[in-house]
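Step one of this worksheet: look at the structure below.
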Amino acid sequence: MEFLTLLSYGDSGWGDELLLGLGVTLALALATFPIAVVLSFAVCWAKVSPYRPVRIAAQIHTTVFKTLPEILTLLILYYQSQALINWATDWIAPGARLSVSPFLAGLIALSLVISAYGSEVVRAALNAIGKGQTEAAQSLGLSPCQTFRLVILPQMWRHAIPGFGNLWVILLKDTSLVSIIALSDLVHIATLAINTTREPFFFYLVIGAIYIALVAVSAWLQKGLERRASKGFARVETGDA
């Protein structure tokens, strides 16, 4: 009964604070993932660019952000970007001060990290389709943009969903890192609760259960997307059989 009181709403419990922390965690993940997906496509295309500097820049991006620990990437971006902004404001408007939002810093850092892995997911999905599809679309007079939008993209998602689903789960867990830069996410709120109540096991158990639930729901949604993406292909294969 005492433990349930710790999760109550109002001044006597931490239920409302944990709910707000969960909202921040989900908001950060949902804001980061679309940006990371777009960057994944951009980095993948940059790797096959006819321009060598572009290819080198894409390789450096992938190597750096796959090698550095996520927490180090976050700290470097957060504190170094703050230093750069201070330098710029001192030069443009002496005495003025701007601060970097922990939410924005987390979004940028996690987007760069996830896109480094996502570019490999995009590459594998494109390779799974084969060049024959592109050649067939071009023979029908479709432009490169039409070919990608109408022919390649609908097919590649079937191969990309599992990989991006795994990256979504990784992103959900990596959002906990932003607690070190004072963003009031789920882990940061739980840490405040632990420092106040001296009940580490209980609150770690609670946020652990929340993360398990989030991953379970994500896995269920991913399976649904995979079934939907493969439905037409399954009918064709069944008909051929």
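Letters for chains follow the order of the structure tokens (A, B, ...), residue numbers begin at 1 for each chain, and ligand numbers begin at 1 in the order shown.
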Practice problem: For A:Ala190, list every protein, DNA or RNA residue within 8 Å, evaluated using only C-alpha atoms, and leave out those in the same chain fewer than 4 positions away; present the list as a PyMOL selection string. | Solution: chain A and resi 18+186+194+203-204+207
*For A:Ile161, list every protein, DNA or RNA residue within 12 Å, evaluated using only C-alpha atoms, and leave out those in the same chain fewer than 2 positions away; present the list as a PyMOL selection string.*
chain A and resi 37+118+121-122+124-125+153-159+163-168+218-219+221-230
The residue from A:Ile85, A:Ala29, A:Ala57, A:Leu192 with the smallest atom-to-atom distance to A:Leu98, counting only C-alpha atoms, is A:Ile85
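Relative to atom CA of A:Thr147, atom CA of A:Lys231 is found at 21.5 Å.
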Practice task
Show which residues sit within 9 Å of A:Gln82, as a PyMOL selection string. Count only C-alpha atoms, and ignore same-chain residues fewer than 5 positions away.
Solution key: chain A and resi 77+87+98-100
